[in-house]
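Trainee: Starting off with a structure, shown below.
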Amino acid sequence: MFLSKFLAAADHPYLMGTGGRKMNNSPMQGLTVKSLKHHMALQPLFIIMGCGVIFVTAYVGRLARKSTDVNWSKKKDPVDPMSVYENKQFKMFNVGGVDHSNLSTIRNEPNYKE
């Protein structure tokens with residue numbers, strides 16, 4: 001009974017009628033295509049913010065896929081998932097110009113598997 005009264009309240013005139021909340025809560029100016037064409041100063045803002053959101057999303061996705069901080073496999077031994085990153089560059093930029101193809105052999109890193 002309480003639920004039916006609650007759902008029936010959505011048909012009240014103060015929501016949909018003249019001066020109602022739905023009419024007063026229309027989309028903000030500049031958030032529709034029609035008003036965005038009118039406000040030229042908002043167009044670069046939307047483009048820059050859109051590019052920023054795309055870059056952040058791509059970077060977080062890249063970190064989730066290629067970083068050593070995230071382990072997607074559920075193996076108990078931590079050596080097995082981390083052996084994938086042996087002799088691979090996982091940073092985005094190689095500032096020092098280091099060749100990562102044989103870096104662990106050059107450094108004489110110990111083999112912990114044995």
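The chains in the structure tokens are called A, B, ... from first to last as shown; in each chain the residues are counted from 1, and the ligands are counted from 1 in the order shown.
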Can you list, as a ChimeraX atom specification, every protein, DNA or RNA residue that comes within 9 Å of Gln29 in chain A when you count only C-alpha atoms, leaving out same-chain residues fewer than 6 positions away?
Mentor: /A:35-36,39
Trainee: Output N, CA, C and O atoms for every residue in that selection, as a CSV table (one decimal), in the first residue's frame.
Mentor:
chain,number,residue,atom,x,y,z
A,35,SER,N,21.8,25.2,-27.9
A,35,SER,CA,22.4,26.3,-27.2
A,35,SER,C,23.9,26.3,-27.3
A,35,SER,O,24.5,27.4,-27.1
A,36,LEU,N,24.5,25.2,-27.5
A,36,LEU,CA,26.0,25.1,-27.7
A,36,LEU,C,26.4,25.8,-29.0
A,36,LEU,O,27.4,26.5,-29.0
A,39,HIS,N,26.3,29.6,-28.0
A,39,HIS,CA,27.4,30.1,-27.2
A,39,HIS,C,28.7,29.6,-27.7
A,39,HIS,O,29.2,28.5,-27.4
Trainee: In range 27-86 of chain A, what's helix (DSSP H, G or I) per DSSP? Answer as a PyMOL selection string?
Mentor: chain A and resi 33-38+42-66+79-85
Trainee: Dump N, CA and C atoms for the selected residues as an mmCIF file, in the first residue's frame?
Mentor:
data_model
loop_
_atom_site.group_PDB
_atom_site.id
_atom_site.type_symbol
_atom_site.label_atom_id
_atom_site.label_comp_id
_atom_site.auth_asym_id
_atom_site.auth_seq_id
_atom_site.Cartn_x
_atom_site.Cartn_y
_atom_site.Cartn_z
ATOM 1 N N VAL A 33 22.724 20.819 -27.933
ATOM 2 C CA VAL A 33 23.414 21.166 -29.176
ATOM 3 C C VAL A 33 22.944 22.529 -29.677
ATOM 4 N N LYS A 34 21.671 22.811 -29.528
ATOM 5 C CA LYS A 34 21.128 24.090 -29.994
ATOM 6 C C LYS A 34 21.746 25.263 -29.234
ATOM 7 N N SER A 35 21.818 25.172 -27.930
ATOM 8 C CA SER A 35 22.375 26.282 -27.160
ATOM 9 C C SER A 35 23.902 26.320 -27.254
ATOM 10 N N LEU A 36 24.534 25.172 -27.527
ATOM 11 C CA LEU A 36 25.986 25.145 -27.690
ATOM 12 C C LEU A 36 26.402 25.841 -28.977
ATOM 13 N N LYS A 37 25.564 25.755 -30.020
ATOM 14 C CA LYS A 37 25.849 26.473 -31.264
ATOM 15 C C LYS A 37 25.735 27.982 -31.053
ATOM 16 N N HIS A 38 24.868 28.381 -30.146
ATOM 17 C CA HIS A 38 24.667 29.807 -29.879
ATOM 18 C C HIS A 38 25.812 30.382 -29.042
ATOM 19 N N LEU A 42 31.701 28.403 -25.354
ATOM 20 C CA LEU A 42 31.661 27.112 -24.682
ATOM 21 C C LEU A 42 32.183 25.981 -25.560
ATOM 22 N N GLN A 43 32.248 26.188 -26.867
ATOM 23 C CA GLN A 43 32.664 25.118 -27.766
ATOM 24 C C GLN A 43 34.108 24.672 -27.517
ATOM 25 N N PRO A 44 35.095 25.577 -27.406
ATOM 26 C CA PRO A 44 36.451 25.100 -27.099
ATOM 27 C C PRO A 44 36.549 24.419 -25.735
ATOM 28 N N LEU A 45 35.755 24.876 -24.797
ATOM 29 C CA LEU A 45 35.751 24.251 -23.478
ATOM 30 C C LEU A 45 35.312 22.795 -23.569
ATOM 31 N N PHE A 46 34.242 22.531 -24.315
ATOM 32 C CA PHE A 46 33.758 21.168 -24.472
ATOM 33 C C PHE A 46 34.774 20.311 -25.212
ATOM 34 N N ILE A 47 35.446 20.869 -26.202
ATOM 35 C CA ILE A 47 36.441 20.107 -26.962
ATOM 36 C C ILE A 47 37.640 19.758 -26.079
ATOM 37 N N ILE A 48 38.144 20.741 -25.348
ATOM 38 C CA ILE A 48 39.311 20.508 -24.494
ATOM 39 C C ILE A 48 38.974 19.527 -23.373
ATOM 40 N N MET A 49 37.822 19.700 -22.738
ATOM 41 C CA MET A 49 37.440 18.789 -21.662
ATOM 42 C C MET A 49 37.179 17.381 -22.197
ATOM 43 N N GLY A 50 36.584 17.285 -23.381
ATOM 44 C CA GLY A 50 36.358 15.973 -23.992
ATOM 45 C C GLY A 50 37.658 15.260 -24.296
ATOM 46 N N CYS A 51 38.639 15.994 -24.845
ATOM 47 C CA CYS A 51 39.958 15.402 -25.117
ATOM 48 C C CYS A 51 40.644 14.990 -23.818
ATOM 49 N N GLY A 52 40.496 15.790 -22.776
ATOM 50 C CA GLY A 52 41.093 15.443 -21.487
ATOM 51 C C GLY A 52 40.493 14.177 -20.903
ATOM 52 N N VAL A 53 39.190 14.039 -21.006
ATOM 53 C CA VAL A 53 38.523 12.838 -20.487
ATOM 54 C C VAL A 53 38.963 11.610 -21.276
ATOM 55 N N ILE A 54 39.079 11.749 -22.595
ATOM 56 C CA ILE A 54 39.514 10.624 -23.426
ATOM 57 C C ILE A 54 40.946 10.230 -23.079
ATOM 58 N N PHE A 55 41.844 11.220 -22.905
ATOM 59 C CA PHE A 55 43.238 10.917 -22.567
ATOM 60 C C PHE A 55 43.344 10.231 -21.212
ATOM 61 N N VAL A 56 42.638 10.729 -20.215
ATOM 62 C CA VAL A 56 42.696 10.129 -18.878
ATOM 63 C C VAL A 56 42.159 8.704 -18.907
ATOM 64 N N THR A 57 41.073 8.478 -19.617
ATOM 65 C CA THR A 57 40.502 7.135 -19.725
ATOM 66 C C THR A 57 41.478 6.183 -20.409
ATOM 67 N N ALA A 58 42.101 6.645 -21.493
ATOM 68 C CA ALA A 58 43.065 5.798 -22.200
ATOM 69 C C ALA A 58 44.280 5.507 -21.327
ATOM 70 N N TYR A 59 44.748 6.493 -20.588
ATOM 71 C CA TYR A 59 45.932 6.292 -19.746
ATOM 72 C C TYR A 59 45.647 5.353 -18.580
ATOM 73 N N VAL A 60 44.487 5.493 -17.962
ATOM 74 C CA VAL A 60 44.128 4.591 -16.862
ATOM 75 C C VAL A 60 43.942 3.168 -17.393
ATOM 76 N N GLY A 61 43.357 3.043 -18.578
ATOM 77 C CA GLY A 61 43.232 1.719 -19.194
ATOM 78 C C GLY A 61 44.583 1.115 -19.505
ATOM 79 N N ARG A 62 45.519 1.940 -19.980
ATOM 80 C CA ARG A 62 46.865 1.458 -20.262
ATOM 81 C C ARG A 62 47.574 1.035 -18.978
ATOM 82 N N LEU A 63 47.408 1.807 -17.930
ATOM 83 C CA LEU A 63 48.009 1.424 -16.651
ATOM 84 C C LEU A 63 47.436 0.110 -16.133
ATOM 85 N N ALA A 64 46.157 -0.091 -16.326
ATOM 86 C CA ALA A 64 45.533 -1.323 -15.851
ATOM 87 C C ALA A 64 46.006 -2.530 -16.654
ATOM 88 N N ARG A 65 46.314 -2.337 -17.936
ATOM 89 C CA ARG A 65 46.729 -3.459 -18.770
ATOM 90 C C ARG A 65 48.224 -3.728 -18.721
ATOM 91 N N LYS A 66 49.057 -2.698 -18.716
ATOM 92 C CA LYS A 66 50.484 -2.895 -18.920
ATOM 93 C C LYS A 66 51.355 -2.656 -17.692
ATOM 94 N N VAL A 79 55.949 -14.813 -8.647
ATOM 95 C CA VAL A 79 57.017 -14.802 -9.645
ATOM 96 C C VAL A 79 56.456 -15.048 -11.039
ATOM 97 N N ASP A 80 55.469 -15.934 -11.167
ATOM 98 C CA ASP A 80 54.926 -16.267 -12.485
ATOM 99 C C ASP A 80 54.314 -15.070 -13.208
ATOM 100 N N PRO A 81 53.430 -14.291 -12.582
ATOM 101 C CA PRO A 81 52.885 -13.138 -13.309
ATOM 102 C C PRO A 81 53.932 -12.068 -13.600
ATOM 103 N N MET A 82 54.914 -11.922 -12.713
ATOM 104 C CA MET A 82 55.920 -10.879 -12.923
ATOM 105 C C MET A 82 56.990 -11.281 -13.931
ATOM 106 N N SER A 83 57.095 -12.566 -14.259
ATOM 107 C CA SER A 83 58.083 -12.993 -15.243
ATOM 108 C C SER A 83 57.706 -12.526 -16.643
ATOM 109 N N VAL A 84 56.471 -12.150 -16.843
ATOM 110 C CA VAL A 84 56.041 -11.606 -18.138
ATOM 111 C C VAL A 84 56.749 -10.283 -18.416
ATOM 112 N N TYR A 85 57.049 -9.525 -17.371
ATOM 113 C CA TYR A 85 57.652 -8.206 -17.533
ATOM 114 C C TYR A 85 59.176 -8.245 -17.608
#
Trainee: Write out as a VMD selection string which residues come within 8 Å of His100 in chain A when counting only C-alpha atoms, dropping same-chain ones fewer than 4 positions away.
Mentor: chain A and resid 87 to 89
Trainee: Take the residues from that selection and write them out as a PDB file, in the first residue's frame, keeping N, CA, C and O atoms.
Mentor:
ATOM      1  N   ASN A  87      62.658  -8.213 -19.071  1.00  0.00           N
ATOM      2  CA  ASN A  87      63.239  -7.651 -20.294  1.00  0.00           C
ATOM      3  C   ASN A  87      62.204  -6.924 -21.160  1.00  0.00           C
ATOM      4  O   ASN A  87      62.278  -6.944 -22.382  1.00  0.00           O
ATOM      5  N   LYS A  88      61.235  -6.293 -20.557  1.00  0.00           N
ATOM      6  CA  LYS A  88      60.250  -5.503 -21.288  1.00  0.00           C
ATOM      7  C   LYS A  88      60.170  -4.110 -20.702  1.00  0.00           C
ATOM      8  O   LYS A  88      60.317  -3.918 -19.498  1.00  0.00           O
ATOM      9  N   GLN A  89      59.912  -3.149 -21.569  1.00  0.00           N
ATOM     10  CA  GLN A  89      59.705  -1.779 -21.095  1.00  0.00           C
ATOM     11  C   GLN A  89      58.221  -1.600 -20.828  1.00  0.00           C
ATOM     12  O   GLN A  89      57.398  -1.791 -21.714  1.00  0.00           O
TER      13      GLN A  89
END
Trainee: Calculated over only C-alpha atoms, which of the candidates A:Glu86, A:Met40, A:Val98, A:Ser26 has the smallest distance to Thr68 in chain A?
Mentor: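 Closest candidate: A:Glu86.
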Trainee: Work out how far CA of Lys91 in chain A is from CA of Asp69 in chain A, in Å to one decimal.
Mentor: 11.7 Å
Trainee: May I ask for the distance between CA of Phe93 in chain A and CA of Ser73 in chain A, given in Å to one decimal place?
Mentor: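 According to the coordinates, CA of Phe93 in chain A and CA of Ser73 in chain A are separated by 25.6 Å.
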Trainee: Can you tell me how far CA of Ala41 in chain A sits from CA of Asn25 in chain A, in Å to one decimal?
Mentor: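 CA of Ala41 in chain A sits 23.6 Å away from CA of Asn25 in chain A.
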